[in-house]
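Trainee: The following block contains the structure, expressed as structure tokens.
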Amino acid sequence: MKRHLCCLALAVLPAFGQVGSTAIYTEFEDQPPESVVDSMKEEIASIMSPGGLRFEWRSLSRVSGSEVFTELAVARFKGRCIGDSGAPARIESGALAWSHITDGEVLPFTDVDCDRISSFLKPRMIGLDEKTREKVFGRAIGRVLAHELFHIFARTKGHGSRNVDKPYYSASDLISDDFRAGKEFHILAARSSGVESRKPSQTGLAIYAKSGCNNCHGSQGQGSKRAPALRVAGRWIDGVVLAARLETSGPRMARRAKEMKIPGPSLAEEDIDVLVRFLNALE
């Protein structure tokens, strides 16, 4: 099953103007209320869609074998994902969720411990009515899962300065209404509505230069003293991986551009397919 799903992930390139088709396959140890699942999905969309990452949700138990996606991740939820006010009060030490790594590579599998999240949040959930409690709990799960999805799609084990990238969450982080407070920076601009912004004759090299990436990553993405190569030789990259890396590294790149007194890097979402082909052609 795992091998089959991973093979599907490499089946197609994204269509023009799209970051890529991406699926999240879910498996619940104990099926939660629909309101919890809906709240989780809404929160993940609000965190990840501004960076061009949009998902199709699928049940792992209903895999048909004929679905084709550019990238995918499998999320398994352990325990009871219901935000029950009667959850154990004792907080067990350990991670709220974790991704899997083999030979230094991040695999497209993550586990979320709902019981541990419930225990962690119980003091903040007491007194909430059932409807509010399920919404808040689903939102908390969404934030935890979004953190792991960035690890998976950006292929990185590191952490950043954004709330979603922090190595540790407080209970306030998971239930607050202002999780994304402050000015956000997104290198990848949302897809234009209506008229396409890219001229048909514009090459990947031209788009790369226009994005400003050449200022640090070299004239053809080969890397420089300021920044690493954009693609490791022999390793294919797709729009989903590139979008995730742009999103997770965005704040750091913006700071570097400011220090260099140059405009921050930017890329139109409709240009990402051409840029990916350019990067994959590099030797």
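Just remember, in the structure tokens the first chain shown is A, the second B, etc., residues are 1-based per chain, and ligands are 1-based in the order shown.
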Counting only C-alpha atoms, which residues of region 136-193 of chain A fall within 8 Å of region 115-130 of chain A, and what is the closest atom pair for each with its distance in Å at one decimal, ordered by chain and rising number, as CSV?

Mentor:
residue,atom,partner,partner_atom,distance
A:Phe137,CA,A:Ser118,CA,7.8
A:Ile141,CA,A:Ile117,CA,7.7
A:Ala171,CA,A:Leu121,CA,5.9

Trainee: What would the file look like if the residues just selected were written as a PDB file, in the first residue's frame with C-alpha atoms?

Mentor:
ATOM      1  CA  PHE A 137     -10.139  21.253  19.051  1.00  0.00           C
ATOM      2  CA  ILE A 141      -5.334  19.572  15.302  1.00  0.00           C
ATOM      3  CA  ALA A 171      -1.703  25.574  24.672  1.00  0.00           C
TER       4      ALA A 171
END

Trainee: Compile the contact shell of His151 (chain A) as a VMD selection string: residues with an atom at most 12 Å away, counting only C-alpha atoms, same-chain residues fewer than 3 positions apart removed.

Mentor: chain A and resid 73 97 to 101 105 to 110 144 to 148 154 to 160 164 to 167 241 244 to 245 247 to 249

Trainee: Please write the residues from the selection above to a file, keeping C-alpha atoms, as an mmCIF file, in the first residue's frame.

Mentor:
data_model
loop_
_atom_site.group_PDB
_atom_site.id
_atom_site.type_symbol
_atom_site.label_atom_id
_atom_site.label_comp_id
_atom_site.auth_asym_id
_atom_site.auth_seq_id
_atom_site.Cartn_x
_atom_site.Cartn_y
_atom_site.Cartn_z
ATOM 1 C CA ALA A 73 0.869 12.725 2.458
ATOM 2 C CA ALA A 97 2.645 14.718 16.178
ATOM 3 C CA TRP A 98 5.632 13.428 14.284
ATOM 4 C CA SER A 99 6.786 12.713 10.747
ATOM 5 C CA HIS A 100 8.825 9.727 9.649
ATOM 6 C CA ILE A 101 12.437 9.863 8.465
ATOM 7 C CA GLU A 105 14.862 11.734 4.167
ATOM 8 C CA VAL A 106 11.454 12.955 5.332
ATOM 9 C CA LEU A 107 8.787 10.454 4.273
ATOM 10 C CA PRO A 108 5.193 11.403 3.357
ATOM 11 C CA PHE A 109 3.749 9.896 6.542
ATOM 12 C CA THR A 110 2.775 11.618 9.774
ATOM 13 C CA VAL A 144 -0.360 20.570 14.570
ATOM 14 C CA LEU A 145 -0.890 18.759 11.255
ATOM 15 C CA ALA A 146 0.046 21.838 9.188
ATOM 16 C CA HIS A 147 3.406 21.889 10.972
ATOM 17 C CA GLU A 148 4.079 18.291 9.920
ATOM 18 C CA ALA A 154 9.367 21.081 1.931
ATOM 19 C CA ARG A 155 11.458 17.945 2.601
ATOM 20 C CA THR A 156 12.977 19.591 5.659
ATOM 21 C CA LYS A 157 13.666 18.551 9.249
ATOM 22 C CA GLY A 158 14.400 22.106 10.373
ATOM 23 C CA HIS A 159 12.178 24.716 12.010
ATOM 24 C CA GLY A 160 11.574 28.375 11.300
ATOM 25 C CA VAL A 164 3.460 27.102 12.450
ATOM 26 C CA ASP A 165 7.190 26.321 12.141
ATOM 27 C CA LYS A 166 8.102 26.496 15.825
ATOM 28 C CA PRO A 167 9.461 23.264 17.366
ATOM 29 C CA VAL A 241 7.866 21.036 -3.039
ATOM 30 C CA ALA A 244 6.471 24.633 0.404
ATOM 31 C CA ARG A 245 10.128 25.631 0.433
ATOM 32 C CA GLU A 247 6.761 29.418 2.147
ATOM 33 C CA THR A 248 8.934 27.982 4.939
ATOM 34 C CA SER A 249 12.032 29.958 3.880
#

Trainee: Please extract the residues of region 19-238 of chain A with a backbone DSSP assignment of strand (DSSP E or B) and present them as a PyMOL selection string.

Mentor: chain A and resi 22-30+55-59+71-80+97-102+105-113+188-189

Trainee: Just to confirm, what's the straight-line distance from CA of Ala257 (chain A) to CA of Arg180 (chain A) in Å (one decimal)?

Mentor: 22.5 Å

Trainee: Distance table requested - region 109-212 of chain A against region 21-40 of chain A, cut-off 7 Å, only C-alpha atoms: one row per qualifying residue with the closest atom pair and its distance in Å to one decimal, ordered by chain and rising residue number, as CSV.

Mentor:
residue,atom,partner,partner_atom,distance
A:Glu134,CA,A:Val36,CA,5.2
A:Lys135,CA,A:Ser39,CA,5.5
A:Phe137,CA,A:Val36,CA,6.7
A:Gly138,CA,A:Val36,CA,4.3
A:Arg139,CA,A:Met40,CA,4.9
A:Ile141,CA,A:Met40,CA,5.9
A:Gly142,CA,A:Met40,CA,4.3

Trainee: Between CA of Val274 (chain A) and CA of Gly204 (chain A), measure the distance and give it in Å to one decimal.

Mentor: 5.3 Å

Trainee: CA of Asp271 (chain A) and CA of Glu71 (chain A), how far apart in Å?

Mentor: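 One can read the CA of Glu71 (chain A) to CA of Asp271 (chain A) distance as 18.6 Å.
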
Trainee: What's around Phe185 (chain A) at 10 Å? Count only C-alpha atoms, leave out sequence neighbours fewer than 4 positions away in its own chain, and write the answer as a VMD selection string.

Mentor: chain A and resid 50 to 51 189 247 249 to 254 264 266
